[in-house]
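The next block holds one structure in the form of structure tokens; read it before the comments.
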Amino acid sequence: MNAPHAPVVHGPQIGRPVAHESAHLHVSGKATYIDDIPEAAGTLHAAPGLSTIARGRIKSIDLSAVRAHPGVRAVLTAVDIPGENNCGPILHDDPILTADAIQFYGQAIFVVAAETRDAARQAARLAKIEYEAEAPILDIDAAIAAESWVLPPFAMQRGPVDEAFAGAPHHLEGSAVLGGQEHFYLEGQISYALPKEDATLHVICSTQHPTEMQQMVAHCLHWRSHQVIVECRRMGGGFGGKESQSAQWACLAALLAVHTGKPVKMRLDRDDDMVATGKRHPFQYRWQSAFDDTGRILGLRLEFASNCGYSADLSGPVNDRTICHIDNAYYLDAVALKSLRCKTNRVSNTAFRGFGGPQGMFVIENVIDDIARHLKRDPLAVRQVNFYDVEPGARSTTPYGMTVEDNVAPALVGQLAADCDYAARRAAIAEFNASSNVLKRGIALTPIKFGISFNATHYNQAGALVHVYTDGSVLVSHGGTEMGQGLYTKIKQIVAHEFGLTLDDVRLSSTDTSRVANTSATAASSGADLNGKAAQAACLNIKARLAAFVVELTNAAVDAADVRFSCGRVQAGSVFDEAFAELVMRAYRARIQLWDAGFYKTPKLHFDPVTKLGRPFFYFAYGAACSEVAIDTLTGETRVLRVDILHDVGRSINPALDIGQIEGGFIQGMGWLTSEELWWRPDGPQAGRLMSHAPSTYKIPTASDLPEVFNVHLFDNANVEDSIHRSKAVGEPPFMLGLSVFQALRDAVAATLPAGQPVQLDAPATPEAILRALGDCCGQPVGGG
Amino acid sequence: MSERPIQFYFRGAIQTIQGPAPTRTVLQYLREDLQQTGTKEGCAEGDCGACTVVIGELTGDDGNEALRLRAVNACIQFLPALDGKALFTVEDLASGEQLHPVQQALVDRHGSQCGFCTPGFAMSLFALYENQDTCPERDEIDHTLSGNLCRCTGYRPIVDAARDAYALPRQPIDRLPVIAALKELRKLPPLDYAGAGRQSHSPRTLVELAELRARLPEARIVAGGTDVGLWVTKLGRDLGEIIQIGAVAELKRIQIGPKRLEIGAGATLTDAFAALVAFEPQWGELARRFASTPVKNAGTLGGNVANGSPIGDSMPALIALGARVVLHRLGTEREMPLEDFYLDYQKTALQPGEFVRGLLLDAPADALIRHFRAYKVAKRLDQDISAVAAGLAVHVDNEGIVRRARLAFGGMAGTPKRAESAEAALLGRPWSPDSVRLAMTALREDFSPFSDVRATQAYRLSVAANLLQRFWLETSPDGGQAVRLGALAPISPEGRA
């Protein structure tokens with residue numbers, strides 16, 4: 001069923017603000033998520049048994065009561081895994097079920113399958129497990145003290161750092177603490193494994209990475225990839241949390257399905273999901289900056305440490321992306337970076353929108369804000385003097401050796417500052433603050449520059465399969481997954497546009513490893529860039545054959561290059577004009593292939609994972625946000641009053657979807673830096689237990705947190721690189737626009753401090769963190785870090 | 001009372017439920033038993049709103065019946081709560097291919113991305129649309145959506161859709177057949193329900209309830225289920241025998257007079273707060289920020305009080321106003337000041353066979369000027385349990401001397417508790433900055449709060465004292481300084497719009 005109100009539009013489909021292709025299904029409850037699929041007869045339901053200490057060994061394990069619980073059909077532990085007991089994507093250090101060592105509170109030890117979900121969950125509570133507990137390493141400081149790493153420390157330097165410091169007129173030191181973030185996708189982790197004939201499995205999985213799920217399931221079963229099909233039509237949100245983190249549950253469902261011969265659905269309870277799956281990495285930073293009288297950075301020494309949790313997962317690439325975003329939009333002439341990837345007894349942290357980039361940009365914005373306050377200059381002015389050159393020149397090379405060739409940050413920031421009346425509002429806020437004791441306002445305008453492409457070059461490839469049926473309808477499969485971002489909608493527009501068809505003529509099928517093989521994760525904002533190009537390539541192949549057919553039909557009266565596909569017709573000059581559906585039927589009868597695959601690999605990329613040098617990114621996406629906030633100095637509570645955003649999506653394929661990504665990304669970034677606080681018990685027998693394990697205790701923004709004034713505009717810009725229709729990726733970059741809220745909060749805090757005094761504000765800037773920054777609260781943060 | 005199935009109105013007809021345990025949730029029933037999967041499970045604890053459904057309830061006496069529609073969280077509603085009511089889910093909104101105005105507006109405004117939360121938003125907006133003929137202000141939209149989380153959109157298009165729905169041709173539901181069906185259900189005897197070896201009783205009168213309570217002193221009383229529901233969905237607890245008090249008409253009664261407010265223990269938080277705000281407008285902010293709209297539509301003030309959680313947000317303000325709790329046992333009633341009801345952490349003065357019948361608030365009887373404020377401090381404006389809640393009242397004579405002080409706090413001790421040292425520091429002293437400073441210092445002797453997921457001890461102590469300062473700033477004779485974030489608008493530089 002198509003949206004009843006969607007007008008049928010012929011003509012160009014690119015640039016139209018059409019609704020999400022599933023919007024009419026979303027609003028009516030008819031969009032099918034995995035838990036909505038009618039269950040096959042005999043379906044069993046799985047629940048995990050999780051550890052109740054953070055570190056130690058299993059002394060004894062008695063699962064007899066679990067097995068005896070009514071309705072229980074299978075209870076599996078590590079010894080029941082026929083293949084590799086691992087779901088770690090890079091290093092193989094993530095057990096699906098731990099056999100012995102407990103490495104975090106909530107680690108899976110066993111799994112139950114029962115006739116109902118309630119029975120499985122009740123049974124899982126009946127395990128009797130004795131532990132030999134050890135003192136856990138929970139935070140970054142403890143890990144550094146113990147030299148506990150998931151990957152060895154990494155240092156890099158560009159330029160003469162010591163000389164830069166020696167010659168600089170000003171120096172500052174600083175430090176910052178930044179908390180993690182729970183994805184809080186509304187649909188929790190879920191996999192539904194259906195055994196098929198002859199040792200094969202169909203796994204329907206809410207995942208951003210079907211191919212990796214296919215490989216993980218095959219490995220744990222000691223099977224080959226062609227025995228496993230993984231399918232995903234849509235996710236109820238992903239945000240990076242279903243890239244590697246869906247694997248454990250897919251593997252457990254698969255193991256149980258093979259073990260019992262029954263379909264097995266594994267849907268985590270929200271609390272288990274929050275306890276047992278990874279999150280955004282918390283970071284801590286120490287830095288020294290050297291700068292001139294204008295605030296231009298001459299040298300930077302920066303050590304950053306991330307809390308990776310107990311295993312490597314994606315922590316290597318995440319921290320690499322931090323390295324590649326320390327600069328944000330600023331040229332760093334002489335810079336020394338040290339990256340510590342701390343191993344702790346916490347759940348293993350993972351991909352999350354921005355993938356380490358936000359943690360890089362967070363710190364440089366603090367570095368610059370400190371410089372500005374030290375020099376008593378407007379932080380925006382200091383940001384502007386540090387921008388990369390617009391034309392590639394002396395100040396155009398990033399710390400990782402890539403030349404910035406598409407810098408629109410100065411123009412974009414200048415336009416936003418003028419549009420939002422930054423200077424006058426800043427003056428008015430200073431006036432307000434001078435006469436307001438309890439409430440203080442703050443304002444900040446921060447830019448973003450975000451590199452687009454996977455750092456690991458080989459992920460930058462995609463495939464698509466396009467079927468044109470003889471009635472002129474089109475079905476498209478591709479390697480990207482739909483998590484709400486509108487990828488399927490954009491692909492639909494791209495394909496309809498190529499064939500000159502309406503959106504109703506094109507349908508997207510679910511993402512399925514049996515239709516498109518060896519896909520990359522839908523991640524790194526790359527979904528539309530990669531899969532859009534692949535789908536377009538498939539269309540071009542089919543169009544070329546149809547064009548050749550038209551040449552043949554007209555006895556070569558036209559040239560193939562003159563054949564046009566538009567408005568549902570195929571035309572060539574004044575000689576040929578036929579409805580698309582009629583032509584394809586004739587083409588079929590003439591035995592012309594009407595389906596084809598498309599493949600795309602991003603050009604120009606190279607990156608050395610050892611030296612962290614190269615051109616990891618095809619291009620950069622830019623944006624800027626100006627946030628105005630107020631703080632209550634009695635309680636530390638905050639409010640975001642007004643936000644203005646100007647963002648660069650290149651030539652937008654769908655402005656409505658792109659603005660949706662910008663607004664949603666901004667609010668998610670704002671939540672990360674304000675109300676979203678993860679809290680683990682710091683000590684006692686439950687040390688390391690996550691206590692913010694549900695929406696009752698973990699607070700993402702609600703509707704009332706939406707700023708009263710929220711102006712969002714697209715920057716007029718075309719991608720200088722040959723991206724799909726000259727658009728730019730939009731999934732992750734807007735998340736970092738939320739940094740403006742944090743900087744505005746620092747500005748408000750600064751209004752209570754003597755001029756020139758640095759602001760020491762921890763993130764997230766909860767009411768407690770704000771009060772601490774004001775110096776009114778003697779408490780130290782407990783349980784974060 | 002007689003044993004019978006649960007009966008309710010759904011999809012245009014009376015439906016019966018016989019068999020499932022009385023603690024089976026409405027959401028499990030919809031999704032697993034009826035395969036009506038439009039309603040989603042996001043958290044199973046009433047905090048995300050993906051499961052939002054609308055309950056229709058008959059109000060008014062015979063011949064005067066009306067239908068009241070309210071959004072609730074299906075994930076923590078037990079099935080017996082449906083008895084005698086109408087249930088609407090997202091599948092009920094569209095007529096064939098014709099979307100409901102709130103659905104159409106969500107599509108037109110791009111109000112869904114991943115779409116998983118969307119049915120819940122649609123239902124909250126549907127309840128608003130049915131209850132309000134004209135487009136409400138932003139704050140009321142926010143309040144309507146306070147129990148619905150969206151992780152994708154950032155809410156802007158959803159708030160816009162809430163408004164846009166009013167611009168489309170009006171399409172209210174036809175209430176007459178629903179009212180007719182609910183009138184039929186009203187004729188049924190009170191519900192005694194048995195399923196999966198568990199009993200649930202839903203008395204309709206105070207006498208029936210009192211007799212049941214005396215006969216079954218160990219049975220679990222369930223009112224709105226907004227807390228008890230989680231014992232089942234999250235802790236897997238077997239509640240044993242249940243007494244559902246939602247059908248006891250006398251317990252829902254709210255009587256408001258010039259001198260006295262009486263709130264039945266079964267009144268929903270939505271109704272109770274409306275009465276409290278009418279009686280004393282300073283309840284406004286707390287009423288707005290307490291829990292979420294769906295939780296307030298199901299939960300009761302009596303439940304919040306009887307539960308006695310140290311972080312229950314209503315109690316400090318009730319204590320500050322001198323509220324008295326009325327306890328009932330087999331026709332015998334006794335009253336006590338609310339603060340005396342709490343003996344220790346999760347321990348109350350309730351005797352076996354006794355239950356909370358209601359709350360009484362009296363207007364001040366003397367000529368003193370009463371200053372009162374109710375404050376809540378939390379990480380998030382909406383639907384967040386407070387780090388610190390405060391109900392602060394001082395009664396000042398015409399010389400400006402504090403003659404009575406009731407300073408009550410939540411989140412500061414194992415029970416809601418008065419700050420006796422701080423109160424003593426104010427008594428007999430002028431209502432002045434100096435006295436407030438003394439009280440702020442004295443307050444540190446009153447409490448030794450915990451550090452936990454919501455705040456540290458140090459923060460709680462600082463903020464509790466600072467709230468006394470705010471109280472002074474807001475009630476001082478020369479007050480007038482802006483001290484509330486909610487009062488601020490974006491800055492507007494001179495000479496510009």
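Chain identifiers are assigned as A, B, and so on, following the order in which chains appear in the structure tokens; residues are numbered from 1 within each chain, and ligands are numbered from 1 in order of appearance.
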Shell of 7 Å around region 165-168 of chain B, only C-alpha atoms, local chain residues under 4 positions omitted, as a PyMOL selection string
chain B and resi 101-102+105+134-135+161
Could those residues be written to a file, using C-alpha atoms, as a PDB file, in the first residue's frame?
```
ATOM      1  CA  PRO B 101      -5.859  13.857  11.171  1.00  0.00           C
ATOM      2  CA  VAL B 102      -3.133  13.250  13.758  1.00  0.00           C
ATOM      3  CA  ALA B 105      -0.250  15.498  10.126  1.00  0.00           C
ATOM      4  CA  THR B 134      -8.976  23.811  19.383  1.00  0.00           C
ATOM      5  CA  CYS B 135      -5.249  23.807  18.950  1.00  0.00           C
ATOM      6  CA  ALA B 161       2.017  17.796  13.663  1.00  0.00           C
TER       7      ALA B 161
END
```
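By chain and then residue number, the residues within 12 Å of Ala146 (chain A) are Pro136, Ile137, Leu138, Asp139, Ile140, Cys342, Lys343 and Thr344 of chain A, counting only C-alpha atoms and disregarding those fewer than 6 positions away in sequence.
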Figure out the distance between CA of Ala351 (chain A) and CA of Pro89 (chain A), please, to one decimal in Å.
11.6 Å
For Arg253 (chain B), list every protein, DNA or RNA residue within 7 Å, evaluated using only C-alpha atoms, and leave out those in the same chain fewer than 2 positions away; present the list as a list in words.
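Non-adjacent residues within range: Ala249, Glu250, Leu251, Gln255, Ile263, Gly264 and Ala267 of chain B.
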List the neighbours of region 754-760 of chain A out to 10 Å using only C-alpha atoms; skip same-chain residues closer than 6 positions along the sequence, and give me the result as a PyMOL selection string.
chain A and resi 172-177+366+369-377+745-748+769-770+772-775
Tell me, which residues of region 118-174 of chain A carry DSSP alpha helix (DSSP H), written as a PyMOL selection string?
chain A and resi 118-124+140-146+161-167
